file my_file29.txt (compact mmCIF, C-alpha atoms)
# COMPACT_ATOMS: atom_id res chain seq x y z
CA MET A 2 0.00 0.00 0.00
CA ASN A 3 2.88 2.35 0.81
CA ASP A 4 4.45 1.75 -2.64
CA PHE A 5 1.13 2.45 -4.29
CA LEU A 6 0.76 5.84 -2.53
CA ALA A 7 4.39 6.78 -3.28
CA GLY A 8 3.91 5.94 -6.97
CA LEU A 9 0.62 7.81 -7.11
CA THR A 10 2.25 10.86 -5.51
CA ARG A 11 5.14 10.76 -8.00
CA TRP A 12 2.75 10.60 -10.95
CA LEU A 13 0.61 13.38 -9.50
CA ILE A 14 3.64 15.66 -9.08
CA ARG A 15 4.78 14.87 -12.62
CA ALA A 16 1.32 15.67 -13.97
CA VAL A 17 1.23 18.99 -12.10
CA VAL A 18 4.68 19.95 -13.43
CA VAL A 19 3.72 19.00 -17.01
CA VAL A 20 0.48 21.00 -16.78
CA ALA A 21 2.36 24.00 -15.36
CA GLY A 22 4.87 23.78 -18.22
CA LEU A 23 2.08 23.51 -20.75
CA VAL A 24 0.31 26.55 -19.30
CA MET A 25 3.57 28.53 -19.42
CA PHE A 26 4.21 27.48 -23.03
CA LEU A 27 0.68 28.35 -24.12
CA SER A 28 0.78 31.74 -22.39
CA LEU A 29 4.06 32.64 -24.10
CA LEU A 30 2.68 31.41 -27.42
CA ALA A 31 -0.45 33.53 -26.96
CA ALA A 32 1.64 36.62 -26.15
CA MET A 33 3.77 36.07 -29.27
CA LEU A 34 0.65 35.61 -31.40
CA VAL A 35 -0.85 38.85 -30.07
CA LEU A 36 2.38 40.71 -30.89
CA ALA A 37 2.51 39.13 -34.36
CA LEU A 38 -1.12 40.08 -34.97
CA ALA A 39 -0.48 43.67 -33.85
CA TRP A 40 2.60 43.87 -36.07
CA GLY A 41 0.68 42.43 -39.03
CA LEU A 42 -2.21 44.87 -38.58
CA ARG A 43 0.25 47.73 -38.33
CA ALA A 44 2.00 46.64 -41.53
CA LEU A 45 -1.34 46.21 -43.32
CA TRP A 46 -2.45 49.68 -42.24
CA ALA A 47 0.85 51.15 -43.43
CA ARG A 48 0.42 49.48 -46.84
CA LEU A 49 -3.18 50.64 -47.12
CA THR A 50 -2.26 54.25 -46.32
CA GLY A 51 0.78 54.20 -48.61
CA ARG A 52 3.36 54.64 -45.88
CA PRO A 53 6.52 52.55 -45.65
CA VAL A 54 6.41 49.63 -43.22
CA MET A 55 8.76 50.63 -40.43
CA PRO A 56 10.18 47.97 -38.14
CA TRP A 57 9.64 48.21 -34.43
CA THR A 58 12.86 49.40 -32.91
CA MET A 59 13.84 50.19 -29.40
CA ARG A 60 15.85 53.36 -29.53
CA VAL A 61 18.31 53.24 -26.67
CA ASP A 62 20.99 55.85 -26.32
CA PRO A 63 23.68 54.73 -23.83
CA ARG A 64 24.52 58.35 -23.13
CA THR A 65 21.08 58.84 -21.60
CA GLY A 66 21.96 56.58 -18.68
CA TRP A 67 25.16 58.47 -18.02
CA ARG A 68 23.35 61.79 -18.14
CA THR A 69 20.78 60.54 -15.65
CA VAL A 70 23.46 59.41 -13.21
CA TYR A 71 25.45 62.59 -13.67
CA ARG A 72 22.38 64.76 -13.06
CA SER A 73 21.50 62.83 -9.91
CA THR A 74 25.00 63.35 -8.47
CA GLU A 75 24.81 67.03 -9.33
CA ARG A 76 21.55 67.26 -7.46
CA TRP A 77 23.02 65.74 -4.30
CA SER A 78 26.40 67.45 -4.40
CA ALA A 79 25.41 70.91 -5.60
CA ALA A 80 25.19 73.64 -3.01
CA ARG A 81 21.59 74.50 -2.41
CA PRO A 82 20.55 78.07 -1.73
CA PRO A 83 19.73 78.72 1.93
CA SER A 84 16.07 78.95 2.77
CA ALA A 85 14.39 81.21 5.28
CA ALA A 86 13.94 78.27 7.67
CA ASP A 87 17.70 77.73 7.98
CA THR A 88 19.33 79.42 10.94
CA PRO A 89 22.99 80.48 10.92
CA ALA A 90 23.87 77.78 13.47
CA ARG A 91 22.19 75.11 11.39
CA ARG A 92 23.87 76.24 8.18
CA ALA A 93 27.25 76.00 9.86
CA GLY A 94 26.53 72.45 10.99
CA VAL A 95 26.63 73.37 14.71
CA LEU A 96 23.73 72.66 17.02
CA PRO A 97 22.72 75.29 19.55
CA GLY A 98 24.35 74.59 22.90
CA ALA A 99 26.95 72.22 21.43
CA ASP A 100 29.79 74.23 22.97
CA GLU A 101 28.48 73.42 26.48
CA VAL A 102 28.75 69.64 25.97
CA VAL A 103 32.08 68.07 26.90
CA ASP A 104 32.40 64.34 26.51
CA VAL A 105 36.11 63.88 25.75
CA GLU A 106 39.08 64.94 27.83
CA PRO A 107 41.97 65.84 25.52
CA ARG A 108 45.34 64.35 26.48
CA PRO A 109 48.73 64.17 24.80
CA PRO A 110 49.43 61.22 22.49
CA ARG A 111 51.22 58.21 23.94
CA GLU A 112 54.76 57.33 22.98
CA PRO A 113 55.08 54.26 20.75
CA SER A 114 55.57 51.13 22.81
CA GLU A 115 58.74 49.10 22.53
CA PRO A 116 58.65 46.03 20.28
CA ARG A 117 58.12 42.77 22.14
call {"tool": "encode", "arguments": {"input": "my_file29.txt", "output": "structure tokens"}}
result
Amino acid sequence: MNDFLAGLTRWLIRAVVVVAGLVMFLSLLAAMLVLALAWGLRALWARLTGRPVMPWTMRVDPRTGWRTVYRSTERWSAARPPSAADTPARRAGVLPGADEVVDVEPRPPREPSEPR
């Protein structure tokens, strides 16, 4: 009985995988057919109107990517004009009352230790 259930489970899993593959194949085939139909209708319309049949092209300019990156770094690194909400202490990067806080005692540097 155990062998029967194991065999049935194996065949069920195989059937599910085959059906999933078939569904994937048919969905890709349907998408390609829709694109081919759209392309054919477009070509037919171009012939009927007397225009040349132009291929679908994806115009990609590699310089566009570089410009985008360069502009984004300019935006972050460029000095922005001060607004009315900025106070002089905030523009200088110093918080009010920061001179009253002492958390480190300065001391002279140590001499290098002798090699062991």
call {"tool": "axis_aligned_box", "arguments": {"input": "my_file29.txt", "around": "range 3-15 of chain A", "padding_each_side": "5 Å", "output": "JSON"}}
result
{"center_x": 2.9, "center_y": 8.7, "center_z": -5.9, "size_x": 14.5, "size_y": 23.9, "size_z": 23.4}
call {"tool": "atom_distance", "arguments": {"input": "my_file29.txt", "atom1": "CA of Val54 in chain A", "atom2": "CA of Leu29 in chain A"}}
result
25.7 Å
call {"tool": "atom_distance", "arguments": {"input": "my_file29.txt", "atom1": "CA of Met59 in chain A", "atom2": "CA of Trp40 in chain A"}}
result
14.5 Å
call {"tool": "atom_distance", "arguments": {"input": "my_file29.txt", "atom1": "CA of Trp46 in chain A", "atom2": "CA of Val61 in chain A"}}
result
26.2 Å
